[in-house]
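Q: Here you go, this is query-v4.cif (mmCIF, C-alpha atoms and all ligand atoms).
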data_work
loop_
_atom_site.label_atom_id
_atom_site.label_comp_id
_atom_site.auth_asym_id
_atom_site.auth_seq_id
_atom_site.Cartn_x
_atom_site.Cartn_y
_atom_site.Cartn_z
CA MET B 1 105.27 136.57 145.04
CA LYS B 2 103.60 139.16 142.87
CA ILE B 3 100.07 138.34 141.82
CA SER B 4 98.96 139.81 138.50
CA HIS B 5 97.13 143.10 138.68
CA ARG B 6 94.42 141.59 136.53
CA ILE B 7 93.60 138.82 139.00
CA ALA B 8 94.13 140.93 142.12
CA ASN B 9 91.82 143.63 140.77
CA ILE B 10 88.85 141.56 139.60
CA ASN B 11 86.54 143.04 142.23
CA GLY B 12 87.81 146.54 141.54
CA GLY B 13 88.75 147.11 145.17
CA GLY B 14 85.18 147.88 146.32
CA SER B 15 82.64 145.74 148.13
CA ASP B 16 81.37 142.92 145.97
CA GLY B 17 77.81 143.51 147.20
CA TRP B 18 77.39 140.21 149.01
CA ASP B 19 77.56 141.55 152.60
CA VAL B 20 73.90 141.00 153.50
CA PHE B 21 73.92 137.57 151.88
CA LEU B 22 77.02 136.57 153.86
CA LYS B 23 75.59 137.99 157.09
CA ALA B 24 72.44 135.89 156.53
CA ARG B 25 74.52 132.78 155.90
CA GLY B 26 76.47 133.52 159.11
CA MET B 27 73.19 133.73 161.07
CA ILE B 28 72.03 130.43 159.55
CA ALA B 29 75.32 128.82 160.58
CA GLU B 30 74.57 129.98 164.15
CA GLY B 31 71.22 128.19 164.02
CA ILE B 32 68.99 131.23 163.36
CA ALA B 33 66.10 130.58 160.94
CA VAL B 34 66.50 133.10 158.11
CA THR B 35 64.14 133.48 155.14
CA GLU B 36 66.53 133.85 152.23
CA LEU B 37 65.28 135.80 149.24
CA THR B 38 68.75 136.50 147.95
CA ILE B 39 70.16 134.30 145.24
CA GLY B 40 68.78 133.26 141.86
CA GLU B 41 68.51 129.57 142.40
CA HIS B 42 65.27 127.61 141.88
CA ASP B 43 63.66 125.85 144.82
CA ILE B 44 63.19 122.80 142.59
CA ARG B 45 66.00 120.57 141.36
CA THR B 46 66.80 119.38 137.83
CA ALA B 47 63.93 117.19 136.54
CA SER B 48 64.39 113.40 136.81
CA PRO B 49 64.19 112.65 133.05
CA ILE B 50 67.13 115.02 132.45
CA LEU B 51 69.10 113.34 135.23
CA GLN B 52 68.22 109.91 133.84
CA GLU B 53 69.61 110.98 130.47
CA MET B 54 72.76 112.25 132.20
CA HIS B 55 73.15 108.87 133.89
CA ARG B 56 72.41 106.94 130.69
CA SER B 57 74.98 108.96 128.79
CA ALA B 58 77.65 108.54 131.45
CA MET B 59 76.99 104.79 131.67
CA ALA B 60 77.21 104.61 127.88
CA GLY B 61 80.77 105.88 128.16
CA HIS B 62 80.42 109.63 127.50
CA THR B 63 82.83 110.37 130.30
CA GLY B 64 85.90 111.10 128.17
CA TYR B 65 86.94 114.39 126.59
CA ALA B 66 84.04 115.81 124.60
CA MET B 67 84.40 117.85 121.42
CA VAL B 68 85.73 121.26 122.50
CA PRO B 69 83.14 123.36 120.57
CA GLY B 70 80.38 121.16 122.01
CA ILE B 71 78.86 117.95 120.69
CA ASP B 72 77.27 118.36 117.26
CA ASP B 73 73.79 117.33 118.43
CA LEU B 74 73.65 119.95 121.15
CA ARG B 75 75.06 122.67 118.90
CA ASP B 76 72.37 121.77 116.33
CA THR B 77 69.65 121.88 118.97
CA VAL B 78 70.79 125.26 120.31
CA ALA B 79 71.00 126.61 116.74
CA ALA B 80 67.48 125.35 115.99
CA ARG B 81 66.10 126.86 119.22
CA VAL B 82 67.65 130.24 118.44
CA GLN B 83 66.55 130.16 114.80
CA ALA B 84 62.98 129.20 115.74
CA ARG B 85 62.76 132.04 118.27
CA THR B 86 64.43 134.77 116.21
CA GLY B 87 64.11 133.82 112.54
CA VAL B 88 67.86 134.44 112.11
CA PRO B 89 69.49 131.61 110.11
CA THR B 90 71.71 129.79 112.63
CA THR B 91 73.79 126.62 112.30
CA ARG B 92 76.08 124.71 114.63
CA ASP B 93 78.98 126.82 113.31
CA ASN B 94 77.37 129.80 115.02
CA VAL B 95 77.35 127.99 118.39
CA ILE B 96 79.94 127.12 121.03
CA ILE B 97 78.94 125.26 124.20
CA THR B 98 80.47 126.71 127.37
CA PRO B 99 80.59 125.76 131.07
CA GLY B 100 77.53 127.91 131.89
CA GLY B 101 76.50 131.42 130.96
CA GLN B 102 79.21 132.89 133.19
CA ALA B 103 82.00 131.28 131.16
CA ALA B 104 80.17 132.47 128.03
CA LEU B 105 80.24 136.06 129.34
CA PHE B 106 83.99 135.75 129.94
CA ALA B 107 84.57 134.22 126.48
CA ALA B 108 82.41 136.85 124.75
CA HIS B 109 84.35 139.69 126.36
CA SER B 110 87.61 137.92 125.51
CA ALA B 111 86.49 137.98 121.88
CA ALA B 112 85.34 141.59 121.93
CA CYS B 113 87.91 143.43 124.05
CA ASP B 114 91.65 143.91 124.01
CA PRO B 115 93.45 144.80 127.27
CA GLY B 116 92.76 148.38 128.30
CA GLU B 117 89.76 148.81 126.02
CA THR B 118 86.47 149.92 127.49
CA ALA B 119 83.47 147.61 127.76
CA LEU B 120 80.07 149.14 128.53
CA TYR B 121 77.42 147.54 130.71
CA ILE B 122 74.10 148.72 132.05
CA ASP B 123 73.61 149.64 135.73
CA PRO B 124 71.74 148.00 137.57
CA TYR B 125 73.69 144.92 136.60
CA TYR B 126 74.18 141.28 137.47
CA ALA B 127 76.86 141.20 140.16
CA THR B 128 79.64 139.58 138.10
CA TYR B 129 79.56 141.94 135.11
CA PRO B 130 82.30 144.43 136.00
CA GLY B 131 84.49 141.63 137.37
CA THR B 132 84.05 139.61 134.19
CA ILE B 133 85.16 142.62 132.15
CA ARG B 134 88.19 143.14 134.39
CA SER B 135 89.00 139.44 134.07
CA VAL B 136 89.84 139.99 130.41
CA SER B 137 91.88 143.12 131.27
CA ALA B 138 89.25 145.42 129.81
CA VAL B 139 87.90 148.47 131.62
CA PRO B 140 84.24 148.41 132.74
CA ARG B 141 82.17 151.56 132.25
CA SER B 142 78.56 151.55 133.45
CA VAL B 143 75.64 153.26 131.74
CA PRO B 144 72.74 154.02 134.08
CA ALA B 145 69.24 152.78 133.36
CA HIS B 146 67.02 155.07 135.42
CA ALA B 147 64.27 154.04 137.82
CA GLU B 148 62.25 156.95 136.38
CA ASN B 149 62.45 155.27 132.97
CA ALA B 150 61.34 151.90 134.43
CA PHE B 151 64.99 150.78 134.14
CA GLN B 152 64.82 150.68 130.33
CA PRO B 153 68.24 151.98 129.20
CA ARG B 154 68.11 155.04 126.93
CA ALA B 155 70.02 155.17 123.65
CA LYS B 156 71.30 158.67 124.42
CA ASP B 157 72.94 157.52 127.66
CA ILE B 158 74.60 154.58 125.90
CA ALA B 159 75.72 156.84 123.05
CA ALA B 160 77.21 159.32 125.53
CA ALA B 161 79.23 156.51 127.15
CA ALA B 162 80.28 155.10 123.75
CA GLU B 163 81.48 158.50 122.56
CA LYS B 164 84.22 158.40 125.18
CA GLY B 165 85.52 155.27 123.41
CA ALA B 166 84.31 151.69 123.88
CA VAL B 167 84.37 148.40 122.00
CA SER B 168 81.43 146.49 123.44
CA LEU B 169 78.10 146.81 125.21
CA LEU B 170 76.69 144.14 127.53
CA VAL B 171 72.90 144.04 127.95
CA ASN B 172 70.62 141.63 129.78
CA SER B 173 66.92 141.13 129.07
CA PRO B 174 64.91 139.78 130.83
CA ASN B 175 66.97 141.61 133.40
CA ASN B 176 68.59 140.55 136.61
CA PRO B 177 68.19 142.37 139.02
CA THR B 178 65.27 144.57 137.87
CA GLY B 179 62.94 141.98 136.27
CA VAL B 180 62.46 144.38 133.36
CA VAL B 181 62.11 143.08 129.78
CA TYR B 182 63.57 145.50 127.24
CA ASN B 183 60.95 146.78 124.83
CA ARG B 184 61.37 147.23 121.09
CA GLU B 185 62.15 150.94 121.37
CA THR B 186 64.94 150.22 123.86
CA LEU B 187 66.39 147.46 121.71
CA ASP B 188 66.17 149.51 118.51
CA GLY B 189 68.04 152.28 120.32
CA ILE B 190 70.68 149.82 121.52
CA ALA B 191 71.11 148.45 117.98
CA GLN B 192 71.46 151.93 116.53
CA VAL B 193 74.14 152.95 119.02
CA CYS B 194 76.05 149.69 118.46
CA LYS B 195 76.06 150.26 114.71
CA ALA B 196 76.91 153.98 114.96
CA HIS B 197 79.81 153.35 117.36
CA ASP B 198 80.93 150.00 115.95
CA LEU B 199 80.32 148.15 119.23
CA TRP B 200 80.04 144.45 119.82
CA LEU B 201 76.73 143.73 121.51
CA ILE B 202 76.91 140.99 124.13
CA SER B 203 73.31 140.01 124.82
CA ASP B 204 72.83 137.98 128.00
CA GLU B 205 69.57 136.11 127.42
CA VAL B 206 69.82 133.48 130.15
CA TYR B 207 66.30 134.39 131.39
CA ASP B 208 64.63 134.12 127.96
CA SER B 209 62.25 131.41 129.22
CA GLN B 210 60.96 133.63 132.05
CA VAL B 211 58.86 136.32 130.44
CA TRP B 212 55.64 137.32 132.22
CA GLU B 213 54.69 140.42 130.30
CA GLY B 214 55.60 141.68 126.85
CA GLU B 215 57.80 139.78 124.45
CA HIS B 216 61.43 138.72 124.60
CA ILE B 217 63.16 140.20 121.57
CA SER B 218 66.70 139.04 120.87
CA PRO B 219 68.69 141.99 119.49
CA ARG B 220 70.57 139.56 117.22
CA ALA B 221 67.38 139.51 115.14
CA LEU B 222 67.39 143.27 114.51
CA PRO B 223 68.61 144.53 111.11
CA GLY B 224 72.40 144.49 110.74
CA MET B 225 72.96 143.08 114.24
CA ALA B 226 73.69 139.37 113.65
CA GLU B 227 77.26 140.12 112.58
CA ARG B 228 78.05 142.12 115.75
CA THR B 229 76.01 140.30 118.41
CA LEU B 230 77.15 137.54 120.73
CA VAL B 231 74.17 135.95 122.47
CA VAL B 232 74.81 134.30 125.84
CA GLY B 233 72.46 131.45 126.77
CA SER B 234 72.36 128.87 129.53
CA MET B 235 70.57 125.78 130.80
CA SER B 236 70.77 127.12 134.36
CA LYS B 237 67.55 129.11 134.56
CA SER B 238 65.47 127.51 131.79
CA HIS B 239 65.93 123.92 133.01
CA ALA B 240 66.95 124.34 136.65
CA MET B 241 70.44 123.07 135.78
CA THR B 242 72.52 125.68 137.62
CA GLY B 243 75.00 123.11 138.92
CA SER B 244 75.50 121.36 135.59
CA ARG B 245 77.39 124.35 134.15
CA CYS B 246 76.16 124.27 130.58
CA GLY B 247 75.64 127.37 128.45
CA TRP B 248 76.54 128.73 125.04
CA ILE B 249 77.41 131.63 122.82
CA VAL B 250 75.65 132.20 119.51
CA GLY B 251 77.48 134.52 117.13
CA PRO B 252 79.20 134.94 113.78
CA GLU B 253 81.07 131.81 112.57
CA GLU B 254 84.45 133.56 112.56
CA VAL B 255 84.17 134.55 116.23
CA ILE B 256 83.00 131.09 117.23
CA ALA B 257 86.09 129.61 115.53
CA HIS B 258 88.34 131.87 117.64
CA LEU B 259 86.37 131.04 120.77
CA VAL B 260 87.01 127.35 120.11
CA ASN B 261 90.74 128.17 120.33
CA LEU B 262 90.11 129.99 123.62
CA ALA B 263 88.17 127.00 124.96
CA THR B 264 90.90 124.58 123.84
CA ASN B 265 93.34 126.54 125.94
CA THR B 266 91.12 127.17 128.96
CA THR B 267 88.11 124.97 129.71
CA TYR B 268 88.64 122.21 127.15
CA GLY B 269 84.89 121.96 126.76
CA VAL B 270 81.95 120.68 128.77
CA PRO B 271 81.46 117.04 129.91
CA GLY B 272 79.69 114.92 127.27
CA TYR B 273 77.10 113.49 129.68
CA ILE B 274 76.13 117.04 130.74
CA GLN B 275 75.78 118.03 127.08
CA ASP B 276 73.65 114.95 126.32
CA ALA B 277 71.40 115.84 129.26
CA ALA B 278 71.17 119.47 128.09
CA ASN B 279 70.34 118.33 124.56
CA PHE B 280 67.65 116.04 125.92
CA GLY B 281 66.24 118.88 128.05
CA LEU B 282 66.13 121.35 125.17
CA LYS B 283 64.48 118.79 122.92
CA GLN B 284 61.57 118.53 125.37
CA GLY B 285 60.54 121.93 124.01
CA ALA B 286 59.11 125.13 125.42
CA GLU B 287 56.50 123.39 127.58
CA VAL B 288 59.13 121.99 129.93
CA GLU B 289 60.75 125.42 130.15
CA ALA B 290 57.36 126.95 130.99
CA GLU B 291 56.92 124.36 133.76
CA VAL B 292 60.26 125.32 135.32
CA ALA B 293 59.26 128.99 135.10
CA GLU B 294 55.74 128.46 136.46
CA PRO B 295 56.44 128.92 140.21
CA PHE B 296 57.97 132.35 139.52
CA ARG B 297 55.03 133.36 137.34
CA ARG B 298 52.63 132.30 140.12
CA ARG B 299 54.54 133.99 142.95
CA ARG B 300 54.88 137.18 140.94
CA GLU B 301 51.11 137.35 140.54
CA LYS B 302 50.55 136.80 144.25
CA ALA B 303 53.19 139.42 145.04
CA ILE B 304 51.48 141.98 142.82
CA ASP B 305 48.29 141.49 144.90
CA VAL B 306 50.17 141.94 148.18
CA LEU B 307 51.91 145.08 146.93
CA ALA B 308 48.63 146.53 145.64
CA SER B 309 47.23 146.48 149.17
CA GLN B 310 49.77 148.97 150.60
CA ASN B 311 51.43 152.18 149.50
CA THR B 312 54.93 152.33 150.96
CA VAL B 313 56.80 149.90 148.73
CA THR B 314 56.50 150.22 144.96
CA LEU B 315 57.26 147.49 142.47
CA VAL B 316 59.39 148.09 139.40
CA PRO B 317 57.42 146.55 136.48
CA ALA B 318 58.06 142.83 137.03
CA GLN B 319 58.04 141.60 133.44
CA GLY B 320 60.46 138.69 133.58
CA ALA B 321 63.09 136.67 135.47
CA MET B 322 62.84 135.32 139.02
CA TYR B 323 63.18 138.61 140.90
CA LEU B 324 61.14 141.56 142.08
CA MET B 325 62.82 144.95 142.41
CA LEU B 326 61.15 146.96 145.15
CA ASN B 327 61.50 150.69 145.62
CA ILE B 328 61.77 151.34 149.37
CA ARG B 329 62.77 155.02 149.14
CA ALA B 330 59.67 156.05 151.12
CA THR B 331 61.36 154.59 154.21
CA GLY B 332 64.14 157.16 153.93
CA LEU B 333 66.72 154.35 154.09
CA SER B 334 69.21 153.18 151.49
CA GLY B 335 68.67 149.69 150.08
CA ASP B 336 71.69 148.57 152.10
CA ASP B 337 70.38 149.95 155.41
CA PHE B 338 66.88 148.64 154.76
CA ALA B 339 68.16 145.14 153.91
CA ASN B 340 70.34 145.07 157.03
CA ALA B 341 67.52 146.34 159.26
CA LEU B 342 65.06 143.80 157.81
CA LEU B 343 67.53 140.99 158.39
CA ASP B 344 68.17 142.10 161.98
CA ALA B 345 64.52 142.71 162.86
CA HIS B 346 62.73 139.93 160.97
CA HIS B 347 65.42 137.49 159.80
CA ILE B 348 64.48 138.06 156.15
CA ALA B 349 67.39 138.41 153.74
CA VAL B 350 67.00 140.43 150.53
CA MET B 351 69.67 141.94 148.29
CA PRO B 352 70.27 145.70 148.58
CA GLY B 353 69.77 147.45 145.23
CA GLU B 354 73.21 149.02 145.72
CA SER B 355 74.72 145.52 145.30
CA PHE B 356 73.77 145.87 141.65
CA GLY B 357 75.03 149.41 141.07
CA GLN B 358 74.15 152.97 141.92
CA ALA B 359 71.11 153.14 139.63
CA ALA B 360 69.27 150.72 141.94
CA ALA B 361 70.00 152.69 145.14
CA GLY B 362 66.96 152.87 147.41
CA HIS B 363 65.70 149.53 146.13
CA VAL B 364 65.95 145.91 147.25
CA ARG B 365 65.85 142.82 145.08
CA VAL B 366 63.69 139.95 146.23
CA ALA B 367 64.29 136.52 144.69
CA MET B 368 61.04 134.54 144.33
CA THR B 369 62.85 131.34 145.13
CA ILE B 370 61.07 129.89 148.16
CA ASP B 371 57.67 128.22 148.51
CA ASP B 372 54.62 130.43 147.91
CA GLU B 373 53.40 130.56 151.48
CA ARG B 374 56.69 131.61 153.06
CA PHE B 375 57.40 133.94 150.16
CA ILE B 376 54.12 135.82 150.54
CA ALA B 377 54.43 135.93 154.35
CA ALA B 378 57.95 137.39 154.02
CA LEU B 379 56.77 139.95 151.49
CA LYS B 380 53.94 141.05 153.80
CA THR B 381 56.40 141.41 156.68
CA LEU B 382 58.74 143.43 154.46
CA CYS B 383 55.90 145.79 153.49
CA ALA B 384 54.72 146.21 157.10
CA PHE B 385 58.31 146.91 158.20
CA ALA B 386 58.72 149.50 155.43
CA ALA B 387 55.43 151.15 156.47
CA GLU B 388 56.61 151.38 160.11
CA LEU B 389 59.87 153.01 159.01
CA ALA B 390 58.07 155.43 156.69
CA ASP B 391 55.77 156.54 159.54
CA LYS B 392 58.65 157.34 161.88
N1 LIG N 1 73.66 136.19 133.57
C1 LIG N 1 72.76 136.54 134.50
C2 LIG N 1 71.99 137.79 134.30
C3 LIG N 1 72.57 135.75 135.64
O1 LIG N 1 71.68 136.12 136.56
C4 LIG N 1 73.36 134.58 135.80
C5 LIG N 1 73.24 133.69 137.02
N2 LIG N 1 72.64 134.16 138.12
C6 LIG N 1 74.28 134.27 134.79
C7 LIG N 1 74.40 135.08 133.70
C8 LIG N 1 75.16 133.07 134.86
O2 LIG N 1 74.47 131.91 134.95
P1 LIG N 1 75.12 130.48 134.63
O3 LIG N 1 76.60 130.65 134.62
O4 LIG N 1 74.64 129.59 135.71
O5 LIG N 1 74.60 130.13 133.29
#
Would you give me this structure, written as structure tokens?
A:
Amino acid sequence: MKISHRIANINGGGSDGWDVFLKARGMIAEGIAVTELTIGEHDIRTASPILQEMHRSAMAGHTGYAMVPGIDDLRDTVAARVQARTGVPTTRDNVIITPGGQAALFAAHSAACDPGETALYIDPYYATYPGTIRSVSAVPRSVPAHAENAFQPRAKDIAAAAEKGAVSLLVNSPNNPTGVVYNRETLDGIAQVCKAHDLWLISDEVYDSQVWEGEHISPRALPGMAERTLVVGSMSKSHAMTGSRCGWIVGPEEVIAHLVNLATNTTYGVPGYIQDAANFGLKQGAEVEAEVAEPFRRRREKAIDVLASQNTVTLVPAQGAMYLMLNIRATGLSGDDFANALLDAHHIAVMPGESFGQAAAGHVRVAMTIDDERFIAALKTLCAFAAELADK
């Protein structure tokens, strides 16, 4: 039977960038101890009070179909969180609850793009971005953010890509994989290009609770942007609720109304007990979010000390999110070759920069998602290994 081109082509025919990760998992299955610094998953689990609320809600009977746009309480809480952080008036009619940020990215592109239209995204990028765009039958076009510009995308590069015709731009700050937080100049440039070229801006802000340096600015708050911005949020990173699959889109009322139709015909919403738990979690306030983020803040500081004591590996400014992007070009190897060699020689798994696009070639991404001691030991080994290769 013929399978639709759309589904068969989601990965675009190339490697999906998970080779090193899968090789590491294969080694683990064979009984080899591998230090995994690959995926963005906390080493803590969802906090007990949130789980207790989930249990209470389920026992109270919230196990039936929930309201498709999301339960009113949670939509109100998300709207209040966004309004408090951005100053942009926001009500529940600006919010739809989705099964995680990933489903929100799919829904946002469904709203912005017709089949065959071009959707822009910034390279380096979170691994699913081009596939998400292809999933709605749109055509992904990447815009490089250069290592030389500390991975802050430049307005002129985005404008050059938009001039060839595009309907949307996807950005992500704090950024996965680079750990960079977009500064005001970058965001003003992005806003200007979106207005000049009539682009939807899809702003993936799932790491907004993990900012170590600088300030998280939501581009929805910039002049004239609220009507063309779809903000993607999630409980996954802020509350260590990756498995609960609860996220949202914040955007203009009219778009949200259409997205409710999409949800009715696809996901049919998010379980009520998950939404009650998410609402409870959000209502605990920023302190709880800071607690979840704390281990990454701490490990980042320790990592900066380790990296300062050598001169082979250089750190891309680590301003936010749970990753460090390391430039290993002094070794003469590609990120792919370095990651494979490190895995073979020292059983440490990191993600090659090339898994996240060409702009991150010659880099590796290290997830700060294991305990401090093992994390720092692995980082020291990585640096020593890089120094040996550079001396050869
Ligand atoms: N955006 C970015 C940048 C991410 O890193 C992730 C998860 N790693 C997601 C979106 C999706 O997260 P979730 O679906 O768990 O909310």
Q: Neighbouring residues of B:Ser110 were defined as those with any atom within 10 Å, considering all atoms listed in the file; residues of the same chain fewer than 6 positions away were excluded. Please report them as an MDAnalysis selection string.
A: chainID B and resid 104 132:133 135:138 258:259 262
Q: Using all atoms listed in the file, which of the listed residues (B:Val313, B:Ala29, B:Met241, B:Ala359) sits closest to ligand LIG 1 (chain N)?
A: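 The closest residue to ligand LIG 1 (chain N) is B:Met241.
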Q: Just the number, please: distance in Å from atom CA of B:Met54 to atom CA of B:Asp276, one decimal.
A: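 Spanning atom CA of B:Met54 to atom CA of B:Asp276 is a straight-line distance of 6.5 Å.
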Q: Please find the residues contacting ligand LIG 1 (chain N) at a distance of at most 6 Å between atoms, with only C-alpha atoms and all ligand atoms counted, and report them as a PyMOL selection string.
A: chain B and resi 40+100-102+126+176+204+206+234+236+242+247
Q: Let me make sure I understand: among B:Tyr121, B:Tyr323, B:Tyr182, B:Phe356, which one has the smallest atom-to-atom distance to B:Trp200 if we use all atoms listed in the file?
A: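 Of all the options, B:Tyr121 lies closest to B:Trp200.
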Q: For B:Leu199, which residue among B:Ile28, B:Ala162, B:Ile97, B:Val171 is the nearest when counting only C-alpha atoms?
A: B:Ala162
Q: Find the residue from B:Ala378, B:Ala341, B:Val288, B:Ile348 that sits nearest to B:Ala47; use all atoms listed in the file when measuring.
A: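 Among the listed residues, B:Val288 lies closest to B:Ala47.
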Q: Report as a PyMOL selection string all protein, DNA and RNA residues lying within 7 Å of B:Pro271, evaluated on all atoms listed in the file, omitting residues in the same chain fewer than 4 positions from it.
A: chain B and resi 63+65-66+275
Q: Given only C-alpha atoms as the basis, pick out the residue of B:Ala303, B:Ile217, B:Ala339, B:Ala108 nearest to B:Ala377.
A: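 Using only C-alpha atoms, B:Ala377 sits closest to B:Ala303.
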Q: Would you kindly identify which residues have an atom no farther than 10 Å from (73.6, 128.9, 111.3), using only C-alpha atoms and the file's own coordinates, and write them out as a PyMOL selection string?
A: chain B and resi 75-76+79-80+82-83+88-95+250-253
Q: Mind checking which residues fall within 8 Å of B:Met368, counting only C-alpha atoms, ignoring those fewer than 4 positions away in the same chain, and posting them as a list in words?
A: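 Here the answer would be Leu37, Phe296, Arg299, Arg300, Met322, Tyr323, Leu324 and Phe375 of chain B.
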Q: Choose the residue, out of B:Ile202, B:Glu117, B:Ala147, B:Thr178, that has the smallest atom-to-atom separation from B:Leu105; count only C-alpha atoms.
A: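 Of the candidates, the smallest distance to B:Leu105 is held by B:Ile202.
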Q: What is the distance, in Å and to one decimal place, between atom CA of B:Glu30 and atom CA of B:Gly13?
A: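 Distance between the two atoms: 29.2 Å.
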Q: Can you measure atom CA of B:Val143 to atom CA of B:Asp123 for me? One decimal in Å is fine.
A: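 Computing the Euclidean distance for atom CA of B:Val143 and atom CA of B:Asp123 yields 5.8 Å.
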Q: List the spatial neighbours of B:Ala221 as a PyMOL selection string - criterion: any atom at most 7 Å away, only C-alpha atoms, same-chain residues fewer than 4 positions off excluded.
A: chain B and resi 86+88+225-226
Q: Please identify all polymer residues within 8 Å of B:His42, counting only C-alpha atoms, omitting same-chain residues fewer than 4 positions from it, and present them as a PyMOL selection string.
A: chain B and resi 237+240+369-370
Q: Can you report as JSON the centre and edge lengths in Å, to one decimal, of an axis-aligned box around the listed atoms of stretch 80-92 of chain B padded with 8 Å on each side?
A:
{"center_x": 69.4, "center_y": 129.7, "center_z": 114.7, "size_x": 29.3, "size_y": 26.1, "size_z": 25.1}
